[in-house]
>>> print(open('final_32.csv').read())   # CSV, C-alpha atoms
chain,number,residue,atom,x,y,z
A,1349,LEU,CA,11.5,12.1,-3.5
A,1350,ARG,CA,8.5,12.3,-1.2
A,1351,GLY,CA,5.5,14.5,-1.4
A,1352,THR,CA,1.8,14.9,-0.4
A,1353,ILE,CA,-1.1,15.9,-2.6
A,1354,LYS,CA,-4.2,17.1,-0.8
A,1355,ASN,CA,-7.8,16.8,-2.2
A,1356,PHE,CA,-6.6,14.3,-4.8
A,1357,LEU,CA,-10.1,12.8,-5.3
A,1358,SER,CA,-13.3,14.6,-6.0
A,1359,TYR,CA,-15.7,14.4,-3.1
A,1360,GLN,CA,-18.3,12.7,-5.3
A,1361,ASP,CA,-15.9,9.9,-6.3
A,1362,LEU,CA,-14.7,9.4,-2.7
A,1363,GLU,CA,-18.2,9.2,-1.3
A,1364,LYS,CA,-19.3,6.8,-4.1
A,1365,LEU,CA,-16.3,4.4,-3.6
A,1366,VAL,CA,-16.7,4.4,0.2
A,1367,SER,CA,-20.5,3.7,-0.1
A,1368,LEU,CA,-19.8,0.6,-2.2
A,1369,LEU,CA,-17.4,-0.9,0.4
A,1370,SER,CA,-18.3,-3.1,3.3
A,1371,PRO,CA,-16.0,-4.6,6.0
A,1372,ASP,CA,-17.2,-8.0,4.8
A,1373,ASP,CA,-15.6,-7.5,1.4
A,1374,PHE,CA,-12.0,-7.3,2.6
A,1375,VAL,CA,-9.7,-10.3,2.6
A,1376,GLU,CA,-7.2,-10.8,5.3
A,1377,ALA,CA,-3.6,-10.4,4.1
A,1378,SER,CA,-4.9,-9.8,0.5
A,1379,GLY,CA,-1.9,-9.2,-1.9
A,1380,TYR,CA,0.5,-11.2,0.3
A,1381,ASP,CA,-0.5,-14.5,-1.3
A,1382,ASP,CA,-0.1,-15.5,-5.0
A,1383,SER,CA,-3.6,-17.0,-4.9
A,1384,GLY,CA,-5.3,-13.8,-4.0
A,1385,GLU,CA,-7.1,-15.6,-1.3
A,1386,GLY,CA,-5.1,-14.2,1.7
A,1387,LYS,CA,-3.0,-16.2,4.0
A,1388,ASN,CA,-1.9,-19.8,3.3
A,1389,SER,CA,-2.3,-22.7,5.7
A,1390,ASN,CA,0.7,-21.7,7.7
A,1391,GLY,CA,-0.8,-18.2,8.4
A,1392,LYS,CA,1.9,-16.6,6.2
A,1393,SER,CA,1.8,-15.2,2.7
A,1394,LYS,CA,3.8,-16.3,-0.3
A,1395,LEU,CA,5.5,-14.0,-2.7
A,1396,GLY,CA,7.9,-15.0,-5.4
A,1397,GLY,CA,8.9,-18.6,-5.7
A,1398,GLY,CA,6.9,-19.6,-2.6
A,1399,ARG,CA,8.9,-17.6,-0.1
A,1400,ALA,CA,6.9,-16.7,3.0
A,1401,TYR,CA,6.4,-13.1,4.0
A,1402,SER,CA,4.3,-12.1,6.9
A,1403,ALA,CA,1.5,-9.6,6.2
A,1404,PRO,CA,1.3,-6.4,8.2
A,1405,THR,CA,-0.5,-6.6,11.6
A,1406,GLY,CA,-4.2,-5.9,11.4
A,1407,TYR,CA,-4.2,-5.6,7.6
A,1408,SER,CA,-6.8,-6.8,5.1
A,1409,GLY,CA,-7.4,-5.7,1.5
A,1410,LEU,CA,-9.6,-5.6,-1.5
A,1411,GLY,CA,-7.7,-5.6,-4.8
A,1412,LEU,CA,-8.5,-5.7,-8.5
A,1413,LYS,CA,-8.2,-9.4,-8.5
A,1414,GLU,CA,-10.8,-9.8,-5.7
A,1415,LEU,CA,-13.0,-7.2,-7.3
A,1416,SER,CA,-12.9,-9.0,-10.7
A,1417,HIS,CA,-13.9,-12.2,-9.1
A,1418,ALA,CA,-16.4,-10.6,-6.7
A,1419,LYS,CA,-18.8,-13.0,-5.0
A,1420,ASN,CA,-22.5,-12.1,-4.8
A,1421,ASN,CA,-22.6,-9.4,-2.1
A,1422,SER,CA,-26.0,-8.7,-0.5
A,1423,HIS,CA,-25.2,-5.0,0.1
A,1424,ILE,CA,-24.5,-4.1,-3.6
A,1425,SER,CA,-25.9,-5.2,-6.9
A,1426,GLU,CA,-23.8,-6.7,-9.8
A,1427,GLU,CA,-24.0,-3.3,-11.5
A,1428,GLU,CA,-22.6,-1.6,-8.5
A,1429,GLN,CA,-19.8,-4.2,-8.2
A,1430,GLU,CA,-18.9,-3.3,-11.8
A,1431,GLU,CA,-19.1,0.4,-11.0
A,1432,ARG,CA,-16.8,-0.1,-8.0
A,1433,TYR,CA,-14.3,-2.0,-10.1
A,1434,ASN,CA,-14.2,0.7,-12.8
A,1435,LEU,CA,-14.0,3.5,-10.2
A,1436,LEU,CA,-10.9,1.9,-8.7
A,1437,LEU,CA,-9.4,1.7,-12.1
A,1438,LYS,CA,-10.1,5.4,-12.6
A,1439,ILE,CA,-8.6,6.3,-9.3
A,1440,ARG,CA,-5.5,4.1,-10.1
A,1441,HIS,CA,-5.0,5.9,-13.4
A,1442,SER,CA,-5.2,9.3,-11.7
A,1443,ALA,CA,-2.7,8.2,-9.1
A,1444,GLN,CA,-0.4,6.9,-11.8
A,1445,SER,CA,-0.5,10.2,-13.7
A,1446,ALA,CA,0.0,12.3,-10.5
A,1447,THR,CA,3.1,10.2,-9.6
A,1448,GLU,CA,4.5,10.5,-13.1
A,1449,THR,CA,4.1,14.2,-13.0
A,1450,ALA,CA,5.8,14.4,-9.6
A,1451,LEU,CA,8.7,12.4,-10.8
A,1452,ASN,CA,8.9,14.4,-14.0
A,1453,LEU,CA,8.2,11.3,-16.2
A,1454,CYS,CA,6.5,11.0,-19.5
A,1455,GLU,CA,2.8,9.9,-19.4
A,1456,GLY,CA,2.6,6.1,-19.4
A,1457,THR,CA,6.2,5.6,-18.2
A,1458,LEU,CA,5.2,3.9,-14.9
A,1459,LEU,CA,3.7,0.4,-15.1
A,1460,VAL,CA,1.3,-0.4,-12.2
A,1461,ASP,CA,1.8,-3.9,-10.8
A,1462,PHE,CA,-0.2,-3.8,-7.6
A,1463,THR,CA,-3.4,-1.9,-6.6
A,1464,THR,CA,-5.5,-2.5,-3.5
A,1465,ILE,CA,-7.9,-0.9,-1.1
A,1466,SER,CA,-6.5,-1.7,2.4
A,1467,GLU,CA,-8.2,-1.7,5.8
A,1468,LYS,CA,-6.4,-1.4,9.0
A,1469,THR,CA,-8.1,-2.7,12.2
A,1470,ALA,CA,-7.4,-1.5,15.7
A,1471,GLY,CA,-3.8,-2.0,16.6
A,1472,GLY,CA,-2.8,-2.5,13.0
A,1473,ALA,CA,0.7,-1.6,12.0
A,1474,HIS,CA,3.0,-1.8,9.0
A,1475,ARG,CA,6.7,-1.7,10.0
A,1476,PRO,CA,9.2,0.5,8.1
A,1477,HIS,CA,10.1,-1.2,4.8
A,1478,ALA,CA,11.1,-0.8,1.2
A,1479,ASP,CA,8.9,-2.0,-1.6
A,1480,ASN,CA,11.7,-3.2,-3.8
A,1481,CYS,CA,14.3,-4.8,-1.4
A,1482,LEU,CA,14.7,-6.5,1.9
A,1483,HIS,CA,16.9,-4.4,4.2
A,1484,TYR,CA,19.1,-4.8,7.2
A,1485,PHE,CA,20.9,-2.2,9.3
A,1486,LYS,CA,24.6,-1.9,8.6
A,1487,ASP,CA,27.2,-0.2,10.8
A,1488,GLU,CA,28.6,2.8,8.9
A,1489,PRO,CA,30.6,5.9,10.0
A,1490,ASN,CA,28.9,9.3,9.4
A,1491,ALA,CA,30.8,12.5,8.4
A,1492,ASN,CA,32.0,12.9,12.0
A,1493,GLY,CA,33.3,9.3,12.2
A,1494,VAL,CA,30.5,8.2,14.5
A,1495,ILE,CA,29.2,4.7,13.8
A,1496,GLN,CA,25.5,4.6,13.0
A,1497,LYS,CA,23.0,2.0,11.8
A,1498,VAL,CA,22.1,2.5,8.1
A,1499,ALA,CA,19.3,0.7,6.3
A,1500,THR,CA,20.9,-1.2,3.4
A,1501,CYS,CA,19.4,-3.5,0.8
A,1502,ASP,CA,20.5,-7.1,1.6
A,1503,PRO,CA,22.0,-8.6,-1.6
A,1504,ASN,CA,21.6,-12.1,-0.1
A,1505,ARG,CA,17.8,-11.9,0.2
A,1506,GLU,CA,15.8,-11.7,-3.0
A,1507,HIS,CA,12.8,-9.4,-3.1
A,1508,PRO,CA,9.9,-10.5,-5.4
A,1509,TYR,CA,9.6,-7.0,-6.9
A,1510,PRO,CA,13.1,-5.4,-7.2
A,1511,ASN,CA,12.0,-3.2,-10.2
A,1512,ARG,CA,9.6,-1.1,-8.2
A,1513,VAL,CA,10.5,2.6,-8.3
A,1514,ALA,CA,7.5,4.4,-6.9
A,1515,ALA,CA,4.5,4.0,-4.5
A,1516,SER,CA,1.4,6.0,-4.0
A,1517,ILE,CA,-0.9,5.9,-0.9
A,1518,LEU,CA,-4.3,7.5,-1.0
A,1519,TYR,CA,-6.3,8.0,2.2
A,1520,LEU,CA,-10.0,7.5,1.8
A,1521,ASN,CA,-11.0,8.8,5.2
A,1522,ASP,CA,-9.6,10.6,8.2
A,1523,PRO,CA,-10.4,10.9,11.9
A,1524,THR,CA,-13.0,13.6,11.2
A,1525,SER,CA,-15.1,10.9,9.4
A,1526,GLY,CA,-15.8,9.3,12.8
A,1527,ASN,CA,-14.7,5.9,11.4
A,1528,PHE,CA,-11.5,5.7,13.6
A,1529,ASP,CA,-9.3,7.4,16.1
A,1530,GLY,CA,-5.6,7.9,15.9
A,1531,GLY,CA,-3.4,6.6,13.1
A,1532,GLN,CA,-0.1,7.9,11.8
A,1533,PHE,CA,2.0,7.4,8.6
A,1534,TYR,CA,5.7,8.2,8.8
A,1535,PHE,CA,8.7,8.1,6.6
A,1536,ALA,CA,11.6,6.3,8.3
A,1537,ASN,CA,15.1,7.7,8.1
A,1538,ARG,CA,17.7,5.3,6.7
A,1539,THR,CA,19.9,5.9,9.6
A,1540,ASN,CA,19.6,5.4,13.4
A,1541,ASN,CA,17.5,2.2,13.1
A,1542,GLY,CA,14.8,3.8,11.0
A,1543,GLU,CA,13.8,6.6,13.4
A,1544,VAL,CA,11.0,8.9,12.2
A,1545,GLU,CA,12.2,11.4,9.7
A,1546,ARG,CA,8.8,12.9,8.8
A,1547,SER,CA,5.3,12.0,9.8
A,1548,VAL,CA,1.8,12.6,8.4
A,1549,GLU,CA,-1.2,12.5,10.7
A,1550,VAL,CA,-4.0,10.5,9.2
>>> encode(input="final_32.csv", output="structure tokens")
Amino acid sequence: LRGTIKNFLSYQDLEKLVSLLSPDDFVEASGYDDSGEGKNSNGKSKLGGGRAYSAPTGYSGLGLKELSHAKNNSHISEEEQEERYNLLLKIRHSAQSATETALNLCEGTLLVDFTTISEKTAGGAHRPHADNCLHYFKDEPNANGVIQKVATCDPNREHPYPNRVAASILYLNDPTSGNFDGGQFYFANRTNNGEVERSVEV
């Protein structure tokens, strides 16, 4: 099930959150390391039992863990740091409720295990993936007997979060903001080596 919700945030909340963010706040590869401090000494991240997983290219983040241990930032006061933290919690709850409604689930059914504000730099990319399994492309015949590559969860590779069932992505800006040019989010088809099935310009 895939869907898009426009105008999810109020303009006031959006402007406030963005005004409280600075490029210096973001941590490289945040969320890909158990310590919450970004990459380890090998330049890779660790998830689940110390296994190394590479973070997406050109990715940095600012999650609740970093916000709850925020260092003294010169661009915002301690009161503003707390306001930023609470605002992210508010937005997360709204996203949770919207996802539950979209999936026709009772309120409070989904448990949130990861929340972050991510920043992509020039050339940044996040390859097609699943949030609950590590996949490979398996040869399978289609209805016409033609062999095609189909993305399949690999039972021999353990993912650290196999119980995930939903994901929400909220865009805080777009090309009209003047902050960046280009950018595209797309859903990959399970067949044909993950070719683009549907894309969303961002």
>>> residues_around(input="final_32.csv", residues="stretch 1500-1516 of chain A", least_positions_apart="5", cutoff="8 Å", atoms="only C-alpha atoms", output="VMD selection string")
chain A and resid 1395 to 1396 1443 1447 1479 to 1486 1538
>>> atom_distance(input="final_32.csv", atom1="atom CA of A:His1477", atom2="atom CA of A:Glu1455")
27.6 Å
>>> closest_residue(input="final_32.csv", among="A:Leu1453, A:Ala1446, A:Leu1357, A:Ala1403", to="A:Glu1376", atoms="all atoms listed in the file")
A:Ala1403
>>> closest_residue(input="final_32.csv", among="A:Leu1520, A:Cys1454, A:Ala1499, A:Leu1437", to="A:Ser1358", atoms="only C-alpha atoms")
A:Leu1520
>>> closest_residue(input="final_32.csv", among="A:Ser1408, A:Gly1351, A:Ala1377, A:Tyr1534", to="A:Lys1468", atoms="only C-alpha atoms")
A:Ser1408
>>> residues_around(input="final_32.csv", residues="stretch 1361-1365 of chain A", least_positions_apart="2", cutoff="8 Å", atoms="all atoms listed in the file", output="list in words")
Leu1357, Ser1358, Tyr1359, Ser1367, Leu1368, Leu1369, Arg1432, Leu1435, Leu1436 and Leu1520 of chain A
>>> atom_distance(input="final_32.csv", atom1="atom CA of A:Phe1374", atom2="atom CA of A:Arg1475")
20.9 Å
>>> residues_near_point(input="final_32.csv", point="(2.4, 5.4, -19.3)", cutoff="10 Å", atoms="all atoms listed in the file", output="PDB file with C-alpha atoms, keeping the file's coordinate frame")
ATOM      1  CA  HIS A1441      -5.000   5.900 -13.400  1.00  0.00           C
ATOM      2  CA  GLN A1444      -0.400   6.900 -11.800  1.00  0.00           C
ATOM      3  CA  SER A1445      -0.500  10.200 -13.700  1.00  0.00           C
ATOM      4  CA  GLU A1448       4.500  10.500 -13.100  1.00  0.00           C
ATOM      5  CA  LEU A1453       8.200  11.300 -16.200  1.00  0.00           C
ATOM      6  CA  CYS A1454       6.500  11.000 -19.500  1.00  0.00           C
ATOM      7  CA  GLU A1455       2.800   9.900 -19.400  1.00  0.00           C
ATOM      8  CA  GLY A1456       2.600   6.100 -19.400  1.00  0.00           C
ATOM      9  CA  THR A1457       6.200   5.600 -18.200  1.00  0.00           C
ATOM     10  CA  LEU A1458       5.200   3.900 -14.900  1.00  0.00           C
ATOM     11  CA  LEU A1459       3.700   0.400 -15.100  1.00  0.00           C
ATOM     12  CA  VAL A1460       1.300  -0.400 -12.200  1.00  0.00           C
TER      13      VAL A1460
END
